[in-house]
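> Okay, so here is upload-v6.txt, and as you'll see once you scroll down, it has compact mmCIF, C-alpha atoms and all ligand atoms.
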# COMPACT_ATOMS: atom_id res chain seq x y z
CA MET A 9 20.06 15.88 -17.05
CA ARG A 10 18.38 19.19 -17.81
CA PRO A 11 17.39 21.10 -14.65
CA THR A 12 13.67 21.63 -14.11
CA LEU A 13 11.78 24.51 -12.52
CA ILE A 14 8.23 23.87 -11.38
CA ARG A 15 6.31 27.08 -10.80
CA HIS A 16 3.19 28.13 -8.90
CA ALA A 17 2.59 24.92 -6.96
CA THR A 18 0.55 24.43 -3.82
CA LEU A 19 2.29 22.16 -1.31
CA VAL A 20 0.62 19.58 0.93
CA ASP A 21 1.30 21.69 4.03
CA GLY A 22 -0.83 24.48 2.52
CA ARG A 23 1.94 26.78 1.24
CA ARG A 24 0.80 28.35 -2.02
CA ASP A 25 2.58 29.74 -5.10
CA GLN A 26 5.79 27.84 -4.46
CA ASP A 27 8.51 27.10 -7.01
CA LEU A 28 10.77 24.05 -6.96
CA ARG A 29 14.18 23.79 -8.58
CA ILE A 30 15.23 20.27 -9.53
CA VAL A 31 18.87 19.55 -10.31
CA ASP A 32 20.31 16.08 -11.04
CA GLY A 33 17.08 14.37 -9.97
CA ARG A 34 16.99 16.01 -6.53
CA ILE A 35 15.07 18.94 -5.08
CA ALA A 36 17.64 21.75 -4.87
CA GLU A 37 15.49 24.68 -3.75
CA ILE A 38 11.91 25.46 -2.70
CA GLY A 39 10.48 28.98 -2.43
CA PRO A 40 8.39 31.64 -4.10
CA GLY A 41 9.58 33.36 -7.30
CA LEU A 42 12.74 31.32 -8.03
CA ALA A 43 14.72 32.59 -11.03
CA ALA A 44 14.88 30.29 -14.05
CA THR A 45 18.37 29.18 -15.01
CA GLU A 46 19.25 28.99 -18.69
CA GLY A 47 18.10 25.83 -20.41
CA ALA A 48 15.86 24.74 -17.55
CA GLU A 49 12.62 22.98 -18.38
CA LEU A 50 9.72 25.05 -17.03
CA ILE A 51 6.54 23.41 -15.75
CA ASP A 52 3.65 25.64 -14.66
CA ALA A 53 1.70 23.86 -11.89
CA ARG A 54 -1.02 26.55 -12.15
CA GLY A 55 -1.77 26.40 -8.44
CA TRP A 56 -2.37 22.64 -8.41
CA LEU A 57 -1.19 20.45 -5.57
CA LEU A 58 2.40 19.28 -5.76
CA SER A 59 3.04 16.18 -3.70
CA ALA A 60 5.57 13.45 -3.25
CA PRO A 61 4.35 10.40 -5.19
CA PHE A 62 1.79 7.95 -3.93
CA VAL A 63 3.20 4.88 -2.24
CA ASP A 64 1.18 1.67 -1.97
CA ALA A 65 2.25 -0.14 1.19
CA HIS A 66 0.35 -3.35 0.41
CA PHE A 67 -0.39 -4.95 -2.94
CA HIS A 68 -0.49 -8.31 -4.77
CA LEU A 69 1.05 -7.93 -8.22
CA ASP A 70 1.03 -11.69 -8.87
CA SER A 71 -2.76 -11.92 -8.87
CA THR A 72 -3.65 -8.50 -10.26
CA LEU A 73 -5.82 -8.25 -13.41
CA SER A 74 -6.72 -11.96 -13.22
CA TYR A 75 -10.39 -11.32 -12.45
CA GLY A 76 -12.61 -14.13 -13.78
CA LEU A 77 -9.74 -16.63 -14.15
CA PRO A 78 -10.83 -19.39 -13.97
CA ARG A 79 -14.12 -18.11 -12.46
CA VAL A 80 -15.34 -15.30 -10.23
CA ASN A 81 -15.57 -15.34 -6.41
CA ARG A 82 -19.24 -16.18 -5.77
CA SER A 83 -19.37 -15.67 -1.99
CA GLY A 84 -17.11 -12.60 -1.98
CA THR A 85 -15.21 -13.97 1.03
CA LEU A 86 -11.48 -14.03 1.76
CA LEU A 87 -11.50 -17.83 2.04
CA GLU A 88 -13.16 -18.38 -1.35
CA GLY A 89 -10.64 -15.92 -2.80
CA ILE A 90 -7.76 -18.00 -1.41
CA ALA A 91 -9.39 -21.20 -2.78
CA LEU A 92 -9.90 -19.55 -6.17
CA TRP A 93 -6.27 -18.41 -6.32
CA GLY A 94 -5.32 -22.06 -5.52
CA GLU A 95 -7.34 -23.17 -8.57
CA LEU A 96 -5.64 -20.62 -10.78
CA LYS A 97 -2.06 -21.26 -9.62
CA PRO A 98 -1.38 -24.47 -11.62
CA ALA A 99 -2.43 -22.70 -14.83
CA LEU A 100 -0.20 -19.65 -14.36
CA THR A 101 2.65 -18.98 -16.75
CA GLN A 102 5.59 -16.71 -16.06
CA GLN A 103 4.91 -14.70 -19.20
CA ALA A 104 1.27 -14.02 -18.31
CA LEU A 105 2.29 -13.02 -14.77
CA VAL A 106 4.89 -10.59 -16.12
CA GLU A 107 2.48 -9.09 -18.65
CA ARG A 108 -0.29 -8.49 -16.11
CA ALA A 109 2.10 -7.05 -13.52
CA LEU A 110 3.68 -4.71 -16.08
CA ALA A 111 0.25 -3.59 -17.27
CA TYR A 112 -0.66 -2.72 -13.68
CA CYS A 113 2.64 -0.85 -13.18
CA ASP A 114 1.73 1.28 -16.23
CA TRP A 115 -1.62 2.11 -14.61
CA ALA A 116 0.19 2.94 -11.36
CA VAL A 117 2.67 5.36 -12.93
CA ALA A 118 -0.14 7.04 -14.87
CA ARG A 119 -1.78 7.73 -11.48
CA GLY A 120 1.34 9.06 -9.75
CA LEU A 121 1.94 5.82 -7.84
CA LEU A 122 5.73 5.40 -7.96
CA ALA A 123 6.44 2.91 -5.16
CA ILE A 124 4.67 -0.37 -4.41
CA ARG A 125 5.26 -3.07 -1.81
CA SER A 126 3.89 -6.25 -3.36
CA HIS A 127 3.47 -9.59 -1.66
CA VAL A 128 4.36 -12.57 -3.83
CA ASP A 129 3.02 -16.05 -3.13
CA VAL A 130 5.85 -18.53 -2.45
CA CYS A 131 3.64 -21.61 -1.97
CA ASP A 132 4.08 -22.77 -5.56
CA ASP A 133 7.17 -25.02 -5.62
CA ARG A 134 8.09 -23.67 -9.06
CA LEU A 135 8.34 -20.12 -7.62
CA LEU A 136 6.94 -18.90 -10.93
CA ALA A 137 5.45 -15.74 -9.45
CA VAL A 138 8.69 -14.95 -7.62
CA GLU A 139 10.71 -15.26 -10.83
CA ALA A 140 8.14 -13.18 -12.72
CA LEU A 141 8.03 -10.35 -10.18
CA LEU A 142 11.83 -10.25 -9.81
CA GLN A 143 11.92 -9.70 -13.56
CA VAL A 144 9.25 -7.00 -13.31
CA ARG A 145 11.11 -5.30 -10.42
CA GLU A 146 14.16 -5.00 -12.66
CA THR A 147 12.19 -3.78 -15.68
CA VAL A 148 10.31 -1.03 -13.83
CA LYS A 149 13.28 0.10 -11.71
CA PRO A 150 13.87 3.36 -13.64
CA TRP A 151 10.36 4.63 -12.93
CA LEU A 152 8.88 2.66 -10.04
CA ASP A 153 10.27 1.31 -6.73
CA LEU A 154 8.96 -2.22 -6.36
CA GLN A 155 9.59 -3.99 -3.06
CA LEU A 156 8.70 -7.69 -2.82
CA VAL A 157 7.48 -9.64 0.21
CA ALA A 158 7.85 -13.45 0.35
CA PHE A 159 4.29 -14.41 1.24
CA PRO A 160 3.37 -17.98 2.26
CA GLN A 161 -0.28 -17.68 1.15
CA ASP A 162 -1.19 -21.27 2.16
CA GLY A 163 0.38 -20.95 5.64
CA LEU A 164 4.03 -21.25 6.65
CA LEU A 165 3.39 -24.37 8.75
CA ARG A 166 0.19 -25.52 7.04
CA SER A 167 1.84 -25.85 3.63
CA PRO A 168 4.60 -28.49 3.75
CA THR A 169 7.08 -26.70 1.48
CA ALA A 170 6.32 -23.08 2.40
CA LEU A 171 9.29 -22.47 4.72
CA ALA A 172 11.81 -23.95 2.29
CA ASN A 173 10.26 -21.99 -0.59
CA LEU A 174 10.25 -18.78 1.42
CA ARG A 175 13.98 -19.18 2.12
CA ARG A 176 14.59 -19.86 -1.60
CA ALA A 177 12.66 -16.71 -2.51
CA LEU A 178 14.76 -14.63 -0.09
CA ASP A 179 17.92 -16.21 -1.55
CA ARG A 180 16.72 -15.12 -5.00
CA GLY A 181 16.50 -11.49 -3.80
CA VAL A 182 12.97 -10.99 -2.47
CA ASP A 183 13.22 -8.07 -0.04
CA VAL A 184 10.86 -8.68 2.90
CA VAL A 185 9.67 -11.63 5.03
CA GLY A 186 5.89 -12.22 4.92
CA GLY A 187 3.47 -14.42 6.84
CA ILE A 188 -0.19 -15.25 7.47
CA PRO A 189 -0.54 -16.47 11.07
CA HIS A 190 -4.37 -16.42 11.16
CA PHE A 191 -4.45 -18.97 8.32
CA GLU A 192 -2.34 -21.57 10.15
CA ARG A 193 -4.22 -24.58 11.59
CA THR A 194 -4.23 -23.39 15.21
CA MET A 195 -3.60 -20.21 17.19
CA ALA A 196 -0.46 -21.92 18.54
CA ASP A 197 0.82 -22.62 15.02
CA GLY A 198 0.08 -19.01 14.11
CA ALA A 199 2.19 -17.76 17.02
CA GLU A 200 4.96 -20.23 16.13
CA SER A 201 4.97 -18.98 12.51
CA VAL A 202 5.37 -15.40 13.74
CA ARG A 203 8.35 -16.42 15.90
CA LEU A 204 10.05 -18.37 13.08
CA LEU A 205 9.55 -15.61 10.52
CA CYS A 206 10.73 -12.77 12.79
CA GLU A 207 13.85 -14.78 13.69
CA LEU A 208 14.50 -15.41 9.99
CA ALA A 209 14.19 -11.67 9.28
CA ALA A 210 16.49 -10.79 12.20
CA GLU A 211 19.11 -13.30 10.98
CA ARG A 212 19.07 -11.85 7.48
CA GLY A 213 18.67 -8.18 8.41
CA LEU A 214 15.34 -7.93 6.56
CA ARG A 215 12.02 -6.24 7.21
CA VAL A 216 8.84 -8.15 8.08
CA ASP A 217 5.32 -7.58 6.73
CA MET A 218 2.64 -10.07 7.68
CA HIS A 219 -0.96 -10.46 6.72
CA CYS A 220 -2.01 -10.46 10.34
CA ASP A 221 -5.42 -11.14 11.89
CA GLU A 222 -7.32 -10.58 8.63
CA SER A 223 -10.31 -12.08 10.35
CA ASP A 224 -13.53 -11.04 12.06
CA ASP A 225 -12.58 -13.19 15.06
CA PRO A 226 -11.86 -10.75 17.91
CA LEU A 227 -9.74 -13.46 19.54
CA SER A 228 -7.33 -13.51 16.60
CA ARG A 229 -4.50 -11.74 18.46
CA HIS A 230 -1.39 -12.56 16.46
CA VAL A 231 -0.54 -8.86 16.31
CA GLU A 232 0.27 -9.11 20.02
CA THR A 233 2.81 -11.87 19.27
CA LEU A 234 4.15 -9.89 16.31
CA ALA A 235 4.75 -6.86 18.56
CA ALA A 236 6.36 -9.03 21.26
CA GLN A 237 8.70 -10.75 18.76
CA ALA A 238 9.63 -7.44 17.11
CA HIS A 239 10.48 -6.05 20.54
CA ARG A 240 12.41 -9.17 21.66
CA LEU A 241 14.50 -9.27 18.47
CA GLY A 242 15.17 -5.53 18.29
CA LEU A 243 13.26 -5.14 15.01
CA HIS A 244 11.77 -1.76 15.99
CA GLY A 245 10.55 0.20 12.97
CA ARG A 246 11.12 -2.79 10.66
CA VAL A 247 7.95 -4.82 11.21
CA THR A 248 4.50 -4.26 9.69
CA GLY A 249 1.16 -5.79 10.58
CA SER A 250 -1.09 -5.69 7.51
CA HIS A 251 -4.89 -5.75 7.64
CA LEU A 252 -5.33 -6.25 11.44
CA THR A 253 -9.08 -6.39 10.88
CA SER A 254 -9.79 -8.46 14.00
CA MET A 255 -8.93 -5.31 15.99
CA HIS A 256 -12.25 -3.89 14.76
CA GLY A 257 -14.15 -6.49 16.77
CA MET A 258 -11.86 -6.70 19.83
CA ASP A 259 -13.08 -5.42 23.16
CA ASP A 260 -11.87 -1.96 24.10
CA TYR A 261 -10.15 -3.02 27.31
CA TYR A 262 -7.87 -5.47 25.51
CA VAL A 263 -7.10 -2.89 22.82
CA SER A 264 -6.09 -0.39 25.51
CA LYS A 265 -3.24 -2.80 26.37
CA LEU A 266 -2.46 -3.75 22.77
CA LEU A 267 -1.97 -0.26 21.30
CA PRO A 268 0.93 0.72 23.60
CA LEU A 269 2.56 -2.68 22.96
CA MET A 270 2.45 -2.03 19.22
CA ALA A 271 3.85 1.47 19.67
CA GLU A 272 6.63 0.19 21.96
CA ALA A 273 7.68 -2.34 19.28
CA GLY A 274 7.71 0.38 16.59
CA LEU A 275 5.21 -1.64 14.55
CA HIS A 276 3.77 -0.17 11.35
CA ALA A 277 0.13 -0.90 10.57
CA VAL A 278 -1.35 -1.13 7.08
CA ALA A 279 -5.11 -0.96 6.58
CA ASN A 280 -6.60 -1.98 3.23
CA PRO A 281 -9.91 -0.11 3.25
CA LEU A 282 -11.28 -1.05 -0.19
CA ILE A 283 -10.75 -4.76 0.33
CA ASN A 284 -11.68 -5.09 3.97
CA ILE A 285 -14.90 -3.08 3.71
CA THR A 286 -16.00 -5.68 1.15
CA LEU A 287 -14.45 -8.91 2.57
CA GLN A 288 -15.09 -8.52 6.29
CA GLY A 289 -18.37 -8.87 8.12
CA ARG A 290 -19.69 -11.41 5.62
CA HIS A 291 -20.84 -13.67 8.45
CA ASP A 292 -22.49 -10.81 10.36
CA GLY A 293 -26.19 -10.09 10.37
CA TYR A 294 -27.09 -6.50 11.27
CA PRO A 295 -25.55 -4.35 12.58
CA ARG A 296 -22.65 -5.40 10.33
CA ARG A 297 -19.03 -4.63 11.16
CA ARG A 298 -17.03 -2.34 8.91
CA GLY A 299 -14.03 -4.62 9.38
CA MET A 300 -11.24 -2.07 9.00
CA THR A 301 -8.63 -1.84 11.73
CA ARG A 302 -8.75 1.05 14.23
CA VAL A 303 -6.93 3.67 12.18
CA PRO A 304 -7.38 6.92 14.20
CA GLU A 305 -6.75 5.11 17.50
CA LEU A 306 -3.53 3.53 16.14
CA MET A 307 -2.37 6.93 14.87
CA ALA A 308 -3.16 8.55 18.23
CA ALA A 309 -1.11 5.84 19.97
CA GLY A 310 1.90 6.79 17.83
CA VAL A 311 1.77 3.83 15.43
CA ASN A 312 2.64 4.68 11.83
CA VAL A 313 -0.43 3.77 9.73
CA ALA A 314 -0.52 3.48 5.95
CA PHE A 315 -3.29 2.47 3.55
CA GLY A 316 -2.78 -0.16 0.86
CA HIS A 317 -4.71 -0.94 -2.31
CA ASP A 318 -4.18 -4.69 -1.74
CA CYS A 319 -5.96 -5.96 -4.85
CA VAL A 320 -7.12 -4.79 -8.27
CA MET A 321 -9.36 -7.06 -10.36
CA ASP A 322 -8.37 -10.40 -8.85
CA PRO A 323 -9.97 -13.30 -6.91
CA TRP A 324 -10.53 -11.04 -3.89
CA TYR A 325 -11.65 -7.76 -5.45
CA ALA A 326 -13.33 -7.12 -8.79
CA LEU A 327 -12.71 -3.38 -8.89
CA GLY A 328 -9.90 -0.82 -8.53
CA SER A 329 -7.57 1.02 -10.87
CA GLY A 330 -4.35 1.85 -9.02
CA ASP A 331 -5.78 5.15 -7.79
CA MET A 332 -4.46 5.71 -4.25
CA LEU A 333 -6.84 8.64 -3.78
CA GLU A 334 -9.70 6.16 -4.08
CA VAL A 335 -8.01 4.10 -1.35
CA ALA A 336 -7.58 7.15 0.90
CA GLN A 337 -11.16 8.20 0.20
CA MET A 338 -12.52 4.84 1.35
CA GLY A 339 -10.25 4.81 4.42
CA LEU A 340 -11.40 8.30 5.34
CA HIS A 341 -15.05 7.31 5.14
CA VAL A 342 -14.81 3.97 6.90
CA ALA A 343 -12.74 5.46 9.76
CA GLN A 344 -14.91 8.61 9.87
CA MET A 345 -11.77 10.77 9.60
CA THR A 346 -13.52 13.90 8.41
CA SER A 347 -11.73 16.77 10.19
CA GLN A 348 -9.19 18.67 8.07
CA ALA A 349 -6.30 17.25 10.10
CA GLN A 350 -7.67 13.72 9.71
CA MET A 351 -8.20 14.14 5.97
CA ARG A 352 -4.57 15.19 5.70
CA ALA A 353 -3.62 12.15 7.77
CA CYS A 354 -5.42 9.97 5.21
CA PHE A 355 -3.38 11.62 2.43
CA ASP A 356 -0.23 10.90 4.45
CA ALA A 357 -1.37 7.27 4.71
CA VAL A 358 -0.93 6.87 0.94
CA THR A 359 2.23 9.00 0.70
CA THR A 360 4.67 9.70 3.56
CA ASN A 361 3.43 7.07 6.05
CA ALA A 362 3.52 4.40 3.36
CA ALA A 363 7.05 5.49 2.42
CA ARG A 364 8.07 4.91 6.06
CA VAL A 365 6.64 1.37 5.90
CA LEU A 366 8.83 0.66 2.86
CA GLY A 367 11.82 2.49 4.35
CA LEU A 368 12.07 4.91 1.39
CA GLU A 369 14.33 7.62 2.77
CA HIS A 370 14.40 9.63 -0.46
CA HIS A 371 10.62 10.27 -0.40
CA GLY A 372 9.26 13.74 0.38
CA VAL A 373 9.04 17.32 -0.87
CA GLU A 374 12.12 18.72 0.87
CA VAL A 375 15.44 20.09 -0.29
CA GLY A 376 17.81 17.15 -0.86
CA LYS A 377 15.08 14.54 -1.40
CA ALA A 378 14.58 12.73 -4.70
CA ALA A 379 12.53 14.82 -7.12
CA ASP A 380 10.01 12.02 -7.56
CA LEU A 381 7.15 14.41 -8.11
CA VAL A 382 8.52 13.92 -11.63
CA ARG A 383 10.54 10.70 -10.92
CA ARG A 384 14.19 11.55 -10.33
CA GLY A 385 13.69 14.84 -12.15
CA ARG A 386 12.12 13.31 -15.26
CA VAL A 387 8.49 13.73 -16.30
CA VAL A 388 7.12 10.18 -16.49
CA ALA A 389 3.41 10.78 -17.00
CA ARG A 390 1.13 13.63 -18.00
CA CYS A 391 -2.64 13.83 -17.85
CA ALA A 392 -5.16 16.55 -18.48
CA PRO A 393 -7.15 17.91 -15.53
CA ALA A 394 -10.69 16.55 -15.39
CA GLU A 395 -13.10 18.77 -17.31
CA ALA A 396 -16.56 18.27 -18.73
CA VAL A 397 -18.02 19.95 -21.81
CA LEU A 398 -21.54 21.16 -21.10
CA ASP A 399 -24.46 21.97 -23.37
CA LEU A 400 -26.68 24.05 -21.07
CA PRO A 401 -28.41 27.24 -22.23
CA GLY A 402 -27.04 30.28 -20.39
CA ARG A 403 -24.26 28.34 -18.61
CA PRO A 404 -20.53 28.17 -19.43
CA ALA A 405 -19.46 25.61 -22.02
CA ALA A 406 -17.08 23.84 -19.71
CA VAL A 407 -16.96 23.18 -16.01
CA ASP A 408 -13.90 22.76 -13.81
CA TRP A 409 -15.14 21.22 -10.57
CA THR A 410 -11.72 21.04 -8.97
CA ARG A 411 -11.71 24.70 -7.89
CA GLN A 412 -14.21 25.75 -5.27
CA PRO A 413 -15.03 29.45 -5.38
CA GLY A 414 -14.89 30.93 -1.89
CA ALA A 415 -13.23 27.89 -0.28
CA GLY A 416 -11.76 28.91 3.05
CA ALA A 417 -8.07 28.87 3.90
CA PRO A 418 -6.89 25.58 5.37
CA GLU A 419 -6.68 25.26 9.16
CA ALA A 420 -3.32 26.30 10.54
CA GLY A 421 -1.00 23.56 11.72
CA ARG A 422 -1.52 19.83 11.33
ZN ZN B 1 -2.90 -8.69 1.04
Would you give me this structure, written as structure tokens?

Amino acid sequence: MRPTLIRHATLVDGRRDQDLRIVDGRIAEIGPGLAATEGAELIDARGWLLSAPFVDAHFHLDSTLSYGLPRVNRSGTLLEGIALWGELKPALTQQALVERALAYCDWAVARGLLAIRSHVDVCDDRLLAVEALLQVRETVKPWLDLQLVAFPQDGLLRSPTALANLRRALDRGVDVVGGIPHFERTMADGAESVRLLCELAAERGLRVDMHCDESDDPLSRHVETLAAQAHRLGLHGRVTGSHLTSMHGMDDYYVSKLLPLMAEAGLHAVANPLINITLQGRHDGYPRRRGMTRVPELMAAGVNVAFGHDCVMDPWYALGSGDMLEVAQMGLHVAQMTSQAQMRACFDAVTTNAARVLGLEHHGVEVGKAADLVRRGRVVARCAPAEAVLDLPGRPAAVDWTRQPGAGAPEAGR
């Protein structure tokens, strides 16, 4: 492969006018004023930000782009979304699932999103969605890392065939063990599902990622069990609690015990700001809860926190476009993370932190890492910077609102 030299880039840590040499799909050198080798492809970054790709730590590729099929979610609640997905499932075909998922992957790559962890519902005995997404994972492999989670949407214990189907999905090559303890019939069943699923993951040497406590009920405390099981089974750094919205409504004293437990177990947390700001708090009057988990407090406790997109145009969410900056933007606002360091932490939540959730060791802008700023050294998408053409007397004909004249230097350190 032809070597590539990217010139005049700004890096996420604030270093400006940096060049990157890419050889055989890896970053070989970073520094100012690197000499071009003969035959190298030159890309002028013109001072724009150069970053490792976006990573989405939580998505549902099997339902994406199905908005309005067979009808829209009238109440806007999580539970109606689950019911609606149940209505749609019998009508799904493998071909339609593949086509919608591939269409979304195209959107993702166009937006610099090159790694996605997608949950896949295993509660359909035909495992149609599993077969479809395994096919998609193979197709997109050259340009996008797709990791699949076996997700028992209707409840591991509540749905009679879920456990058997989940094992079948793992046998077929699905990567991660999923769960949904708050959707089981009782708190006790929820805790039992967490135990069974963590033991299954430990047996098979797999990671765990559960939809956990996606509820406004402050007594939904399955994350405590998840941390305890991860610790008991030695799954430190391999287990993720997704959503964790009940933490928003928990009392502070209980949370002061919970956060160190989560850190001790090496749990990752994934917040889904776009979805949970719209789904949660639907039963509240005013004041109304925001419903996102406690992001800055989790980070301060040493828990790795990523943001996920979760849904795009499906029974749970009518909007979205695969733009992880939109996700980070919502997370930043909902969590009030407005200092420079916190804004950078929100960027990390859709890049490096999310890569840690997926276990992507090649991710990052460092010598020796995969050159995925252009996917293994190859340019996979190009887009023009946003620009508007104006027709205003006495003003310039075009405006570039991405550069702020007189913007101060970034704060030192992180
Ligand atoms: Zn989800």
> Within 7 Å of ligand ZN 1 (chain B), which residues of chain A come that close, and what is the closest atom pair and distance in Å for each? Count all atoms listed in the file and give it as a tab-separated table.

residue	atom	partner	partner_atom	distance
A:His66	CA	B:ZN1	ZN	6.3
A:Phe67	CA	B:ZN1	ZN	6.0
A:His68	CA	B:ZN1	ZN	6.3
A:His127	CA	B:ZN1	ZN	7.0
A:His219	CA	B:ZN1	ZN	6.3
A:Asp318	CA	B:ZN1	ZN	5.0
> Excluding Pro61 (chain A) and its own-chain neighbours fewer than 6 positions away, which residues fall within 12 Å of it when counting all atoms listed in the file? Please give them as a ChimeraX atom specification.
/A:20,116-124,151-153,331-333,355-363,368,370-373,378-384,388-389
> Just checking: using all atoms listed in the file, which residue out of A:Glu49, A:Glu272, A:Asp133, A:Asp114 ends up closest to Arg29 (chain A)?
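Nearest candidate to Arg29 (chain A) out of A:Glu49, A:Glu272, A:Asp133, A:Asp114: A:Glu49.
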> Could you give me, as JSON, numbers by chain, the residues within 9 Å of Val335 (chain A), counting all atoms listed in the file and dropping anything in the same chain fewer than 6 positions from it?
{"A": [280, 281, 282, 315, 316, 317, 328, 358]}
> Which residues, written as a CSV table (one decimal) with C-alpha atoms, in the frame of the given file, have at least one atom at most 6 Å from region 256-260 of chain A, with all atoms listed in the file counted and residues fewer than 3 positions away on the same chain left out?

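Result file is part.csv:
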chain,number,residue,atom,x,y,z
A,226,PRO,CA,-11.9,-10.8,17.9
A,253,THR,CA,-9.1,-6.4,10.9
A,263,VAL,CA,-7.1,-2.9,22.8
A,299,GLY,CA,-14.0,-4.6,9.4
A,301,THR,CA,-8.6,-1.8,11.7
> Which residues are near Leu96 (chain A)? Cut-off 12 Å, all atoms listed in the file, ignore same chain within fewer than 3 positions. Put them as a PDB file with C-alpha atoms, keeping the file's coordinate frame.

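Now in around.pdb:
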ATOM      1  CA  ASP A  70       1.030 -11.690  -8.870  1.00  0.00           C
ATOM      2  CA  SER A  71      -2.760 -11.920  -8.870  1.00  0.00           C
ATOM      3  CA  SER A  74      -6.720 -11.960 -13.220  1.00  0.00           C
ATOM      4  CA  TYR A  75     -10.390 -11.320 -12.450  1.00  0.00           C
ATOM      5  CA  GLY A  76     -12.610 -14.130 -13.780  1.00  0.00           C
ATOM      6  CA  LEU A  77      -9.740 -16.630 -14.150  1.00  0.00           C
ATOM      7  CA  PRO A  78     -10.830 -19.390 -13.970  1.00  0.00           C
ATOM      8  CA  ARG A  79     -14.120 -18.110 -12.460  1.00  0.00           C
ATOM      9  CA  VAL A  80     -15.340 -15.300 -10.230  1.00  0.00           C
ATOM     10  CA  GLY A  89     -10.640 -15.920  -2.800  1.00  0.00           C
ATOM     11  CA  ILE A  90      -7.760 -18.000  -1.410  1.00  0.00           C
ATOM     12  CA  ALA A  91      -9.390 -21.200  -2.780  1.00  0.00           C
ATOM     13  CA  LEU A  92      -9.900 -19.550  -6.170  1.00  0.00           C
ATOM     14  CA  TRP A  93      -6.270 -18.410  -6.320  1.00  0.00           C
ATOM     15  CA  ALA A  99      -2.430 -22.700 -14.830  1.00  0.00           C
ATOM     16  CA  LEU A 100      -0.200 -19.650 -14.360  1.00  0.00           C
ATOM     17  CA  THR A 101       2.650 -18.980 -16.750  1.00  0.00           C
ATOM     18  CA  LEU A 105       2.290 -13.020 -14.770  1.00  0.00           C
ATOM     19  CA  ASP A 132       4.080 -22.770  -5.560  1.00  0.00           C
ATOM     20  CA  ASP A 322      -8.370 -10.400  -8.850  1.00  0.00           C
ATOM     21  CA  PRO A 323      -9.970 -13.300  -6.910  1.00  0.00           C
TER      22      PRO A 323
END
> Quick one: residues within 8 Å of Leu366 (chain A), all atoms listed in the file counted, chain neighbours fewer than 6 positions away excluded, as a tab-separated table (two decimals) with C-alpha atoms, in the frame of the given file?

chain	number	residue	atom	x	y	z
A	65	ALA	CA	2.25	-0.14	1.19
A	125	ARG	CA	5.26	-3.07	-1.81
A	155	GLN	CA	9.59	-3.99	-3.06
> Do you have the CA of Ala235 (chain A)-CA of Cys206 (chain A) distance handy?
10.2 Å
> Considering only C-alpha atoms, can you say which of A:Ala60, A:Cys391, A:Met218, A:Ala308 comes closest to Arg203 (chain A)?
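Closest to Arg203 (chain A), using only C-alpha atoms: A:Met218.
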> Just checking: using only C-alpha atoms, which residue out of A:Pro404, A:Pro11, A:Pro160, A:Gly84 ends up closest to Ile35 (chain A)?
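Smallest distance to Ile35 (chain A) is found for A:Pro11.
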> Using all atoms listed in the file for the distances, tell me which of A:Ala177, A:Val407, A:Val157, A:Val231 is nearest to Pro189 (chain A).
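Of the candidates, the smallest distance to Pro189 (chain A) is held by A:Val231.
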> One decimal, Å: what's the distance from CA of Ala343 (chain A) over to CA of Leu327 (chain A), could you say?
20.6 Å
> Would you compute the distance between CA of Thr45 (chain A) and CA of Ala17 (chain A)? Give it in Å to one decimal.
18.2 Å
> Which residue out of A:Leu241, A:Leu135, A:Leu287, A:Ala109 has the minimum interatomic distance to Leu87 (chain A) when all atoms listed in the file are used?
A:Leu287
> Kindly indicate which residue among A:Ala170, A:Leu340, A:Leu227, A:Ile51 lies nearest to Ala314 (chain A), using only C-alpha atoms for the distances.
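Closest to Ala314 (chain A) of all the choices is A:Leu340.
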> So which residues are close to (11.7, -5.6, -12.4), meaning at most 12 Å away in the file's coordinates with all atoms listed in the file counted, and can you show them as a list in words?
Leu69, Val106, Glu107, Ala109, Leu110, Cys113, Ile124, Ser126, Val138, Glu139, Ala140, Leu141, Leu142, Gln143, Val144, Arg145, Glu146, Thr147, Val148, Lys149, Pro150, Trp151, Leu152, Asp153, Leu154, Gln155, Leu156, Gly181 and Val182 of chain A
